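Participant: Sending over data36.pdb (PDB, C-alpha atoms).
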ATOM      1  CA  MET T   1      87.798 194.004   7.441
ATOM      2  CA  ASP T   2      88.750 197.470   8.603
ATOM      3  CA  GLU T   3      85.340 198.492   9.865
ATOM      4  CA  ILE T   4      84.239 198.512  13.483
ATOM      5  CA  LEU T   5      82.729 195.189  14.545
ATOM      6  CA  LYS T   6      79.382 195.389  16.306
ATOM      7  CA  VAL T   7      79.086 193.019  19.256
ATOM      8  CA  GLY T   8      76.094 191.990  21.335
ATOM      9  CA  PHE T   9      76.256 190.446  24.805
ATOM     10  CA  VAL T  10      73.941 187.951  26.436
ATOM     11  CA  GLY T  11      74.903 188.216  30.083
ATOM     12  CA  ALA T  12      75.995 191.080  32.311
ATOM     13  CA  GLY T  13      77.215 189.126  35.315
ATOM     14  CA  SER T  14      80.384 189.392  37.375
ATOM     15  CA  LEU T  15      82.757 187.486  35.067
ATOM     16  CA  ALA T  16      81.597 189.316  31.961
ATOM     17  CA  ASN T  17      81.985 192.657  33.715
ATOM     18  CA  ALA T  18      85.372 191.814  35.211
ATOM     19  CA  MET T  19      87.001 190.408  32.081
ATOM     20  CA  HIS T  20      85.118 190.603  28.779
ATOM     21  CA  TYR T  21      83.427 194.007  28.777
ATOM     22  CA  PRO T  22      86.621 195.850  29.794
ATOM     23  CA  SER T  23      88.646 193.948  27.194
ATOM     24  CA  LEU T  24      86.325 194.800  24.306
ATOM     25  CA  ALA T  25      85.922 198.381  25.530
ATOM     26  CA  GLU T  26      89.653 198.908  24.917
ATOM     27  CA  PHE T  27      89.482 197.778  21.286
ATOM     28  CA  GLN T  28      89.178 200.707  18.911
ATOM     29  CA  ASP T  29      87.669 198.434  16.241
ATOM     30  CA  VAL T  30      84.835 197.073  18.393
ATOM     31  CA  GLN T  31      81.534 198.609  19.444
ATOM     32  CA  ILE T  32      79.422 196.961  22.133
ATOM     33  CA  LYS T  33      76.117 197.529  20.367
ATOM     34  CA  ALA T  34      73.621 195.702  22.581
ATOM     35  CA  ILE T  35      73.301 193.884  25.907
ATOM     36  CA  CYS T  36      70.724 191.373  27.085
ATOM     37  CA  ASP T  37      70.156 190.295  30.672
ATOM     38  CA  ILE T  38      66.978 189.306  32.539
ATOM     39  CA  ASN T  39      68.280 191.148  35.607
ATOM     40  CA  GLU T  40      67.382 194.715  34.684
ATOM     41  CA  GLU T  41      69.570 196.249  37.381
ATOM     42  CA  ARG T  42      72.654 194.500  35.990
ATOM     43  CA  LEU T  43      71.552 195.235  32.447
ATOM     44  CA  HIS T  44      71.254 198.975  32.931
ATOM     45  CA  SER T  45      74.282 199.271  35.201
ATOM     46  CA  THR T  46      76.525 197.602  32.604
ATOM     47  CA  ALA T  47      74.930 199.406  29.665
ATOM     48  CA  ASP T  48      75.327 202.761  31.420
ATOM     49  CA  LYS T  49      78.978 202.054  32.184
ATOM     50  CA  TYR T  50      79.817 201.220  28.568
ATOM     51  CA  GLU T  51      77.339 203.656  26.994
ATOM     52  CA  VAL T  52      75.367 200.943  25.223
ATOM     53  CA  GLU T  53      72.010 201.943  23.773
ATOM     54  CA  GLY T  54      70.633 198.537  22.837
ATOM     55  CA  ARG T  55      69.132 196.990  25.981
ATOM     56  CA  TYR T  56      67.111 193.786  26.021
ATOM     57  CA  THR T  57      65.682 191.252  28.432
ATOM     58  CA  ASP T  58      64.911 188.793  25.594
ATOM     59  CA  TYR T  59      67.947 187.569  23.652
ATOM     60  CA  ARG T  60      65.750 186.466  20.746
ATOM     61  CA  LYS T  61      64.591 190.014  20.217
ATOM     62  CA  MET T  62      68.183 191.278  20.383
ATOM     63  CA  LEU T  63      69.270 188.794  17.713
ATOM     64  CA  GLU T  64      66.305 189.769  15.550
ATOM     65  CA  VAL T  65      66.549 193.554  15.880
ATOM     66  CA  GLU T  66      70.277 194.280  16.067
ATOM     67  CA  GLU T  67      72.755 193.930  13.210
ATOM     68  CA  LEU T  68      75.650 192.210  14.985
ATOM     69  CA  ASP T  69      78.978 190.840  13.772
ATOM     70  CA  ALA T  70      79.390 188.674  16.870
ATOM     71  CA  VAL T  71      77.466 187.582  19.949
ATOM     72  CA  TYR T  72      79.035 186.928  23.346
ATOM     73  CA  VAL T  73      77.021 184.449  25.409
ATOM     74  CA  ILE T  74      78.510 184.671  28.914
ATOM     75  CA  MET T  75      76.135 182.436  30.835
ATOM     76  CA  PRO T  76      76.313 179.390  33.167
ATOM     77  CA  PRO T  77      76.819 176.163  31.191
ATOM     78  CA  HIS T  78      73.299 174.824  31.718
ATOM     79  CA  GLN T  79      71.821 178.046  30.294
ATOM     80  CA  LEU T  80      73.971 178.141  27.148
ATOM     81  CA  PHE T  81      72.427 175.649  24.810
ATOM     82  CA  GLU T  82      69.220 177.281  23.560
ATOM     83  CA  ILE T  83      70.865 180.708  23.258
ATOM     84  CA  VAL T  84      73.940 179.506  21.379
ATOM     85  CA  VAL T  85      71.868 177.346  19.031
ATOM     86  CA  ARG T  86      69.607 180.311  18.185
ATOM     87  CA  ALA T  87      72.620 182.578  17.618
ATOM     88  CA  LEU T  88      74.291 180.069  15.309
ATOM     89  CA  GLU T  89      71.112 179.272  13.391
ATOM     90  CA  THR T  90      70.714 182.985  12.695
ATOM     91  CA  GLY T  91      74.262 183.126  11.324
ATOM     92  CA  HIS T  92      76.061 184.913  14.150
ATOM     93  CA  ASN T  93      79.702 184.460  15.128
ATOM     94  CA  VAL T  94      79.658 183.280  18.759
ATOM     95  CA  PHE T  95      81.991 183.541  21.764
ATOM     96  CA  ILE T  96      81.227 181.589  24.952
ATOM     97  CA  GLU T  97      82.908 180.961  28.280
ATOM     98  CA  LYS T  98      84.058 177.541  29.334
ATOM     99  CA  PRO T  99      82.758 174.893  29.553
ATOM    100  CA  PRO T 100      81.259 174.673  26.070
ATOM    101  CA  GLY T 101      78.033 173.098  27.313
ATOM    102  CA  VAL T 102      77.109 170.568  29.952
ATOM    103  CA  THR T 103      77.977 167.556  27.788
ATOM    104  CA  THR T 104      80.179 166.660  24.867
ATOM    105  CA  PHE T 105      76.997 166.045  22.867
ATOM    106  CA  GLN T 106      76.038 169.711  23.285
ATOM    107  CA  THR T 107      79.497 170.838  22.214
ATOM    108  CA  ARG T 108      79.363 168.646  19.112
ATOM    109  CA  ARG T 109      75.991 170.188  18.271
ATOM    110  CA  PHE T 110      77.482 173.675  18.559
ATOM    111  CA  ALA T 111      80.371 172.687  16.286
ATOM    112  CA  SER T 112      78.022 171.136  13.717
ATOM    113  CA  LEU T 113      75.801 174.220  13.583
ATOM    114  CA  ALA T 114      78.815 176.536  13.326
ATOM    115  CA  GLU T 115      80.085 174.603  10.314
ATOM    116  CA  LYS T 116      76.648 174.455   8.714
ATOM    117  CA  HIS T 117      76.057 178.210   9.012
ATOM    118  CA  GLY T 118      79.647 179.363   8.412
ATOM    119  CA  CYS T 119      80.076 180.960  11.846
ATOM    120  CA  LYS T 120      83.342 181.787  13.577
ATOM    121  CA  THR T 121      83.220 180.472  17.147
ATOM    122  CA  MET T 122      85.366 180.484  20.257
ATOM    123  CA  CYS T 123      85.310 178.869  23.688
ATOM    124  CA  ALA T 124      87.145 180.910  26.301
ATOM    125  CA  PHE T 125      89.917 178.554  27.397
ATOM    126  CA  ASN T 126      91.820 181.613  28.572
ATOM    127  CA  ARG T 127      94.806 179.755  30.054
ATOM    128  CA  ARG T 128      96.074 179.174  26.496
ATOM    129  CA  PHE T 129      96.118 182.924  25.954
ATOM    130  CA  ILE T 130      97.964 183.921  29.123
ATOM    131  CA  PRO T 131     101.020 185.772  27.788
ATOM    132  CA  LEU T 132     103.333 184.035  30.265
ATOM    133  CA  ASN T 133     102.179 180.558  29.154
ATOM    134  CA  ARG T 134     102.620 181.409  25.493
ATOM    135  CA  LYS T 135     106.053 182.947  26.004
ATOM    136  CA  VAL T 136     107.272 179.981  28.049
ATOM    137  CA  ARG T 137     106.043 177.409  25.538
ATOM    138  CA  GLU T 138     107.816 179.283  22.775
ATOM    139  CA  ILE T 139     111.087 179.239  24.753
ATOM    140  CA  VAL T 140     110.794 175.541  25.621
ATOM    141  CA  GLU T 141     109.921 174.492  22.077
ATOM    142  CA  GLU T 142     113.040 176.173  20.733
ATOM    143  CA  ARG T 143     114.776 173.011  22.044
ATOM    144  CA  GLY T 144     112.276 170.683  20.384
ATOM    145  CA  PRO T 145     108.780 169.364  21.038
ATOM    146  CA  ILE T 146     107.458 169.150  24.576
ATOM    147  CA  ILE T 147     108.230 165.627  25.757
ATOM    148  CA  GLN T 148     106.649 165.869  29.206
ATOM    149  CA  CYS T 149     104.146 168.252  30.748
ATOM    150  CA  THR T 150     102.018 168.568  33.869
ATOM    151  CA  SER T 151      98.798 170.463  34.413
ATOM    152  CA  THR T 152      97.656 170.947  38.019
ATOM    153  CA  PHE T 153      94.574 172.532  39.544
ATOM    154  CA  TYR T 154      93.935 172.337  43.282
ATOM    155  CA  LYS T 155      91.223 173.986  45.374
ATOM    156  CA  ASN T 156      89.610 173.845  48.777
ATOM    157  CA  SER T 157      86.005 173.990  47.640
ATOM    158  CA  ARG T 158      82.797 172.032  47.209
ATOM    159  CA  ALA T 159      82.606 170.110  43.961
ATOM    160  CA  ILE T 160      78.883 170.744  43.475
ATOM    161  CA  TYR T 161      78.423 173.236  40.647
ATOM    162  CA  TYR T 162      75.073 174.914  39.939
ATOM    163  CA  GLY T 163      73.294 172.559  42.303
ATOM    164  CA  GLY T 164      74.749 169.474  40.669
ATOM    165  CA  VAL T 165      74.035 170.261  37.018
ATOM    166  CA  ILE T 166      77.642 169.643  35.996
ATOM    167  CA  ASP T 167      80.670 167.921  37.496
ATOM    168  CA  VAL T 168      83.847 169.672  38.622
ATOM    169  CA  LEU T 169      86.022 168.197  35.870
ATOM    170  CA  THR T 170      83.798 169.501  33.075
ATOM    171  CA  CYS T 171      82.936 172.823  34.686
ATOM    172  CA  ASP T 172      86.215 174.048  36.175
ATOM    173  CA  ALA T 173      89.090 171.582  36.021
ATOM    174  CA  ILE T 174      88.460 171.541  32.267
ATOM    175  CA  HIS T 175      91.008 174.379  32.163
ATOM    176  CA  ALA T 176      93.712 171.933  33.255
ATOM    177  CA  VAL T 177      92.495 169.327  30.768
ATOM    178  CA  ASP T 178      92.596 171.802  27.902
ATOM    179  CA  MET T 179      96.095 172.909  28.859
ATOM    180  CA  LEU T 180      97.331 169.312  28.543
ATOM    181  CA  ARG T 181      96.255 169.316  24.902
ATOM    182  CA  TRP T 182      97.707 172.773  24.326
ATOM    183  CA  MET T 183     101.090 171.797  25.776
ATOM    184  CA  GLY T 184     101.502 168.239  24.529
ATOM    185  CA  GLY T 185      99.240 167.843  21.500
ATOM    186  CA  GLU T 186      96.489 165.348  20.812
ATOM    187  CA  VAL T 187      96.159 162.377  23.164
ATOM    188  CA  LYS T 188      96.261 158.704  22.108
ATOM    189  CA  GLU T 189      96.168 156.938  25.496
ATOM    190  CA  VAL T 190      94.620 157.809  28.887
ATOM    191  CA  HIS T 191      94.826 156.175  32.326
ATOM    192  CA  SER T 192      93.124 157.916  35.226
ATOM    193  CA  ILE T 193      92.074 157.707  38.855
ATOM    194  CA  VAL T 194      88.836 159.404  39.900
ATOM    195  CA  SER T 195      88.305 159.872  43.646
ATOM    196  CA  ARG T 196      85.866 161.326  46.143
ATOM    197  CA  PHE T 197      87.229 162.866  49.346
ATOM    198  CA  ASN T 198      84.772 164.166  51.964
ATOM    199  CA  ASP T 199      82.249 165.131  49.301
ATOM    200  CA  GLU T 200      79.166 163.510  47.809
ATOM    201  CA  VAL T 201      80.527 163.601  44.262
ATOM    202  CA  PRO T 202      83.967 162.932  42.712
ATOM    203  CA  ASN T 203      86.282 165.854  43.437
ATOM    204  CA  SER T 204      89.690 164.574  42.365
ATOM    205  CA  PHE T 205      90.700 163.609  38.834
ATOM    206  CA  ASN T 206      94.258 162.463  38.159
ATOM    207  CA  ALA T 207      95.536 161.051  34.887
ATOM    208  CA  VAL T 208      98.581 160.102  32.878
ATOM    209  CA  VAL T 209      98.281 160.475  29.115
ATOM    210  CA  ARG T 210     100.424 159.590  26.122
ATOM    211  CA  PHE T 211     100.416 162.108  23.311
ATOM    212  CA  GLU T 212     100.419 161.163  19.645
ATOM    213  CA  GLY T 213     103.922 162.620  19.374
ATOM    214  CA  GLY T 214     105.194 160.202  22.048
ATOM    215  CA  GLY T 215     105.423 162.568  25.017
ATOM    216  CA  ALA T 216     103.757 162.093  28.389
ATOM    217  CA  GLY T 217     101.336 164.349  30.215
ATOM    218  CA  PHE T 218     100.054 164.393  33.781
ATOM    219  CA  LEU T 219      96.816 165.847  35.120
ATOM    220  CA  CYS T 220      96.604 166.499  38.871
ATOM    221  CA  THR T 221      93.376 167.946  40.281
ATOM    222  CA  ASN T 222      91.837 167.825  43.750
ATOM    223  CA  TRP T 223      89.142 170.056  45.264
ATOM    224  CA  ALA T 224      89.637 168.776  48.862
ATOM    225  CA  VAL T 225      93.107 170.152  49.577
ATOM    226  CA  GLY T 226      94.735 173.287  50.965
ATOM    227  CA  LYS T 227      93.962 176.197  48.607
ATOM    228  CA  ARG T 228      93.771 177.243  44.974
ATOM    229  CA  VAL T 229      97.009 176.314  43.202
ATOM    230  CA  HIS T 230      97.003 176.219  39.396
ATOM    231  CA  THR T 231     100.370 175.507  37.764
ATOM    232  CA  PHE T 232     101.948 174.007  34.655
ATOM    233  CA  GLU T 233     105.204 172.285  33.718
ATOM    234  CA  MET T 234     106.716 172.066  30.240
ATOM    235  CA  HIS T 235     109.827 170.018  29.502
ATOM    236  CA  SER T 236     111.883 169.518  26.354
ATOM    237  CA  TYR T 237     115.488 168.524  25.645
ATOM    238  CA  GLY T 238     117.757 170.193  28.200
ATOM    239  CA  ILE T 239     115.090 172.601  29.418
ATOM    240  CA  SER T 240     112.339 172.629  32.051
ATOM    241  CA  ALA T 241     109.791 175.329  32.825
ATOM    242  CA  PHE T 242     107.641 175.639  35.939
ATOM    243  CA  VAL T 243     104.824 178.132  35.503
ATOM    244  CA  ASP T 244     102.499 179.806  37.981
ATOM    245  CA  PRO T 245     100.438 182.085  35.718
ATOM    246  CA  ASP T 246      99.309 184.144  38.701
ATOM    247  CA  ASP T 247     102.922 184.943  39.527
ATOM    248  CA  ARG T 248     105.935 183.882  37.441
ATOM    249  CA  ALA T 249     107.760 181.160  35.532
ATOM    250  CA  LEU T 250     111.076 179.536  36.404
ATOM    251  CA  ILE T 251     113.008 178.134  33.441
ATOM    252  CA  TYR T 252     115.979 175.838  34.040
ATOM    253  CA  ALA T 253     118.322 174.870  31.198
ATOM    254  CA  ASP T 254     121.494 172.815  30.722
ATOM    255  CA  ASN T 255     122.064 172.027  34.403
ATOM    256  CA  ARG T 256     122.459 175.676  35.363
ATOM    257  CA  GLU T 257     121.495 176.310  38.992
ATOM    258  CA  GLU T 258     119.985 179.751  38.458
ATOM    259  CA  PRO T 259     116.741 179.859  36.515
ATOM    260  CA  THR T 260     115.528 182.434  34.074
ATOM    261  CA  VAL T 261     112.623 184.158  35.817
ATOM    262  CA  ILE T 262     109.743 185.784  33.930
ATOM    263  CA  SER T 263     106.864 187.373  35.817
ATOM    264  CA  ALA T 264     103.261 187.177  34.641
ATOM    265  CA  THR T 265     102.939 190.950  34.524
ATOM    266  CA  GLU T 266     106.249 191.333  32.668
ATOM    267  CA  ALA T 267     105.152 188.873  29.983
ATOM    268  CA  ALA T 268     101.840 190.704  29.560
ATOM    269  CA  GLY T 269     103.231 194.216  29.874
ATOM    270  CA  SER T 270     100.435 194.960  32.329
ATOM    271  CA  SER T 271      99.413 194.422  35.949
ATOM    272  CA  ASP T 272      95.716 194.332  35.019
ATOM    273  CA  ARG T 273      94.411 190.839  35.680
ATOM    274  CA  HIS T 274      92.194 190.725  32.603
ATOM    275  CA  LYS T 275      95.397 191.244  30.586
ATOM    276  CA  TYR T 276      98.020 189.127  32.343
ATOM    277  CA  TYR T 277      95.549 186.253  32.849
ATOM    278  CA  GLY T 278      94.679 185.961  29.184
ATOM    279  CA  PHE T 279      91.160 187.355  28.923
ATOM    280  CA  TYR T 280      92.149 190.433  26.930
ATOM    281  CA  HIS T 281      94.230 188.350  24.530
ATOM    282  CA  GLU T 282      91.588 185.682  23.892
ATOM    283  CA  ASN T 283      89.093 188.431  23.091
ATOM    284  CA  ARG T 284      91.578 190.097  20.737
ATOM    285  CA  HIS T 285      92.177 186.733  19.065
ATOM    286  CA  PHE T 286      88.444 186.211  18.452
ATOM    287  CA  ILE T 287      87.942 189.677  16.992
ATOM    288  CA  ASP T 288      91.020 189.336  14.755
ATOM    289  CA  CYS T 289      89.850 185.945  13.480
ATOM    290  CA  ILE T 290      86.501 187.404  12.447
ATOM    291  CA  LYS T 291      88.182 190.308  10.681
ATOM    292  CA  GLU T 292      90.735 188.068   8.955
ATOM    293  CA  ASP T 293      88.288 185.257   8.133
ATOM    294  CA  ARG T 294      90.207 182.540   9.945
ATOM    295  CA  GLU T 295      89.218 179.922  12.504
ATOM    296  CA  PRO T 296      89.834 180.805  16.177
ATOM    297  CA  GLU T 297      92.276 178.545  18.016
ATOM    298  CA  THR T 298      89.650 177.378  20.496
ATOM    299  CA  CYS T 299      86.719 177.124  18.086
ATOM    300  CA  PHE T 300      83.850 174.806  18.945
ATOM    301  CA  SER T 301      85.273 171.917  16.927
ATOM    302  CA  ASP T 302      88.501 172.174  18.937
ATOM    303  CA  ALA T 303      86.519 172.413  22.181
ATOM    304  CA  VAL T 304      84.934 169.059  21.304
ATOM    305  CA  LYS T 305      88.392 167.458  21.569
ATOM    306  CA  THR T 306      88.928 168.877  25.058
ATOM    307  CA  MET T 307      85.500 167.648  26.171
ATOM    308  CA  GLU T 308      86.227 164.201  24.711
ATOM    309  CA  LEU T 309      89.490 164.055  26.650
ATOM    310  CA  ALA T 310      87.622 164.979  29.845
ATOM    311  CA  ASP T 311      85.181 162.132  29.145
ATOM    312  CA  LYS T 312      88.050 159.666  28.840
ATOM    313  CA  ILE T 313      89.654 160.906  32.060
ATOM    314  CA  ARG T 314      86.323 160.667  33.873
ATOM    315  CA  GLY T 315      85.852 157.143  32.551
ATOM    316  CA  GLY T 316      89.283 155.972  33.650
ATOM    317  CA  PHE T 317      90.405 154.539  30.313
TER     318      PHE T 317
END
Any chance you could put this one into structure tokens?

Facilitator:
Amino acid sequence: MDEILKVGFVGAGSLANAMHYPSLAEFQDVQIKAICDINEERLHSTADKYEVEGRYTDYRKMLEVEELDAVYVIMPPHQLFEIVVRALETGHNVFIEKPPGVTTFQTRRFASLAEKHGCKTMCAFNRRFIPLNRKVREIVEERGPIIQCTSTFYKNSRAIYYGGVIDVLTCDAIHAVDMLRWMGGEVKEVHSIVSRFNDEVPNSFNAVVRFEGGGAGFLCTNWAVGKRVHTFEMHSYGISAFVDPDDRALIYADNREEPTVISATEAAGSSDRHKYYGFYHENRHFIDCIKEDREPETCFSDAVKTMELADKIRGGF
């Protein structure tokens, strides 16, 4: 497909405006054709900025009136389900933010409808698409498969999301869960500890997993600690990488004292956060998959596997 893809948005909030609208606006082969938001001030402000004519406060009308190649539904998780189902049932390719629904059941329903109606889909697990993470994994795997990895996510924050609609593991720490799968592969065994520290709900999820390939993975999350720290480790034969995607990666090999250092902005070729933190690249991936008729890496059926892993970690088995 060489033509310009026409995209509609449901949602004109802060995340969409910070990351997704500016990414798509840079693509010469994409036109933002329509926007829907019940907040008319946000709707018109965003539409004015990106010179979008189609403006709606009812997503059903937008789906009915506009001829769209893809629909972005950038909404809180508890407001996704009805909109995504309608978009899929009307045959639209769909992009959503994480998490892919409040429950694994909802995610499975999305995946089933996408298959039934032949829709390309994507859940925005952007950490996979951070250029630094992808470059480091490529370097490490030159030595062989990843035999040990660690995914950490720490914050000093309440663990109540959207008034208690969804737990912290599913809503936010799901990024760290998904990165375990991306680094180590599919999981065959899970042992976890779920804790509650000075909060009314569980706010710390820690797990050790065994991957089908034989390697080990470690999840470390806690929302009661010092500040936001979100890092990854990848280890293979004779090589170890320690990655802070907000800053840089240190790669140690063959007992050498001095590491190879790669900055996040260097790997991305940009100091714009929507580029070095993966948002631009996940959007490009989705658009390319539609044009090339291939399944996106984080399609809804793949997102089911991440949600299932979160369920196992939450359950402690």

Participant: Using the chain letters and numbers from the file, give me the residues hit by the PyMOL selection byres ((chain T and resi 153-167) around 8), as a ChimeraX atom specification.

Facilitator: /T:78,102,151-152,168-171,173,176,199,201-203,220-231

Participant: Measuring between all atoms listed in the file, which one of T:Leu180, T:Val194, T:Leu63, T:Asn126 shows the shortest distance to Gly315 in chain T?

Facilitator: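 Checking each of T:Leu180, T:Val194, T:Leu63, T:Asn126 against Gly315 in chain T, counting all atoms listed in the file, the winner is T:Val194.
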
Participant: Measure the distance from CA of Phe218 in chain T to CA of Asp172 in chain T in Å and round it to one decimal.

Facilitator: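 These two atoms are separated by 17.0 Å.
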
Participant: Quick one: residues within 6 Å of range 85-93 of chain T, all atoms listed in the file counted, chain neighbours fewer than 6 positions away excluded, as a ChimeraX atom specification?

Facilitator: /T:70,117,119-121

Participant: Check the smallest atom-to-atom distance from each of T:Glu282, T:Glu51, T:Asp58, T:Asp244 to Val10 in chain T using only C-alpha atoms, then report the winner.

Facilitator: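 Of T:Glu282, T:Glu51, T:Asp58, T:Asp244, the one nearest Val10 in chain T is T:Asp58, counting only C-alpha atoms.
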
Participant: Suppose a student applies the PyMOL selection byres ((chain T and resi 273) around 12) to this structure; what residues should they get, written as a CSV table (one decimal) with C-alpha atoms, in the frame of the given file?

Facilitator:
chain,number,residue,atom,x,y,z
T,18,ALA,CA,85.4,191.8,35.2
T,19,MET,CA,87.0,190.4,32.1
T,20,HIS,CA,85.1,190.6,28.8
T,22,PRO,CA,86.6,195.8,29.8
T,23,SER,CA,88.6,193.9,27.2
T,126,ASN,CA,91.8,181.6,28.6
T,130,ILE,CA,98.0,183.9,29.1
T,131,PRO,CA,101.0,185.8,27.8
T,245,PRO,CA,100.4,182.1,35.7
T,246,ASP,CA,99.3,184.1,38.7
T,247,ASP,CA,102.9,184.9,39.5
T,264,ALA,CA,103.3,187.2,34.6
T,265,THR,CA,102.9,191.0,34.5
T,268,ALA,CA,101.8,190.7,29.6
T,269,GLY,CA,103.2,194.2,29.9
T,270,SER,CA,100.4,195.0,32.3
T,271,SER,CA,99.4,194.4,35.9
T,272,ASP,CA,95.7,194.3,35.0
T,274,HIS,CA,92.2,190.7,32.6
T,275,LYS,CA,95.4,191.2,30.6
T,276,TYR,CA,98.0,189.1,32.3
T,277,TYR,CA,95.5,186.3,32.8
T,278,GLY,CA,94.7,186.0,29.2
T,279,PHE,CA,91.2,187.4,28.9
T,280,TYR,CA,92.1,190.4,26.9
T,281,HIS,CA,94.2,188.4,24.5

Participant: Restricting the calculation to only C-alpha atoms: of T:Arg294, T:Arg42, T:His235, T:Arg284, which residue gets closest to Ile139 in chain T?

Facilitator: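 Among T:Arg294, T:Arg42, T:His235, T:Arg284, it is T:His235 that comes nearest to Ile139 in chain T.
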
Participant: Can you sort out the box for range 288-303 of chain T, edges along x, y and z, all listed atoms in, 3 Å on every side, with centre and edge lengths in Å to one decimal, as AutoDock Vina command-line options?

Facilitator:
--center_x 88.1 --center_y 181.1 --center_z 15.2 --size_x 14.4 --size_y 24.4 --size_z 20.0

Participant: Can range 92-108 of chain T be brought up to N, CA and C atoms and written out as a tab-separated table (two decimals), in the frame of the given file?

Facilitator:
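What landed in selection_1.tsv:
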chain	number	residue	atom	x	y	z
T	92	HIS	N	75.18	184.03	13.38
T	92	HIS	CA	76.06	184.91	14.15
T	92	HIS	C	77.36	184.20	14.55
T	93	ASN	N	78.47	184.93	14.51
T	93	ASN	CA	79.70	184.46	15.13
T	93	ASN	C	79.51	184.48	16.65
T	94	VAL	N	80.00	183.45	17.34
T	94	VAL	CA	79.66	183.28	18.76
T	94	VAL	C	80.89	183.03	19.60
T	95	PHE	N	80.96	183.73	20.74
T	95	PHE	CA	81.99	183.54	21.76
T	95	PHE	C	81.29	183.11	23.04
T	96	ILE	N	81.78	182.04	23.68
T	96	ILE	CA	81.23	181.59	24.95
T	96	ILE	C	82.34	181.35	25.96
T	97	GLU	N	81.97	181.34	27.23
T	97	GLU	CA	82.91	180.96	28.28
T	97	GLU	C	83.00	179.44	28.33
T	98	LYS	N	84.00	178.98	29.08
T	98	LYS	CA	84.06	177.54	29.33
T	98	LYS	C	83.05	177.22	30.45
T	99	PRO	N	82.58	175.96	30.53
T	99	PRO	CA	82.76	174.89	29.55
T	99	PRO	C	81.80	175.10	28.39
T	100	PRO	N	82.10	174.49	27.25
T	100	PRO	CA	81.26	174.67	26.07
T	100	PRO	C	80.02	173.77	26.10
T	101	GLY	N	79.21	173.93	27.15
T	101	GLY	CA	78.03	173.10	27.31
T	101	GLY	C	78.19	172.15	28.48
T	102	VAL	N	77.11	171.51	28.83
T	102	VAL	CA	77.11	170.57	29.95
T	102	VAL	C	77.70	169.23	29.54
T	103	THR	N	77.52	168.86	28.28
T	103	THR	CA	77.98	167.56	27.79
T	103	THR	C	78.75	167.71	26.48
T	104	THR	N	79.48	166.69	26.15
T	104	THR	CA	80.18	166.66	24.87
T	104	THR	C	79.19	166.67	23.71
T	105	PHE	N	78.04	166.04	23.90
T	105	PHE	CA	77.00	166.04	22.87
T	105	PHE	C	76.59	167.47	22.52
T	106	GLN	N	76.40	168.32	23.54
T	106	GLN	CA	76.04	169.71	23.28
T	106	GLN	C	77.14	170.43	22.51
T	107	THR	N	78.38	170.18	22.89
T	107	THR	CA	79.50	170.84	22.21
T	107	THR	C	79.58	170.41	20.76
T	108	ARG	N	79.38	169.13	20.50
T	108	ARG	CA	79.36	168.65	19.11
T	108	ARG	C	78.24	169.32	18.32
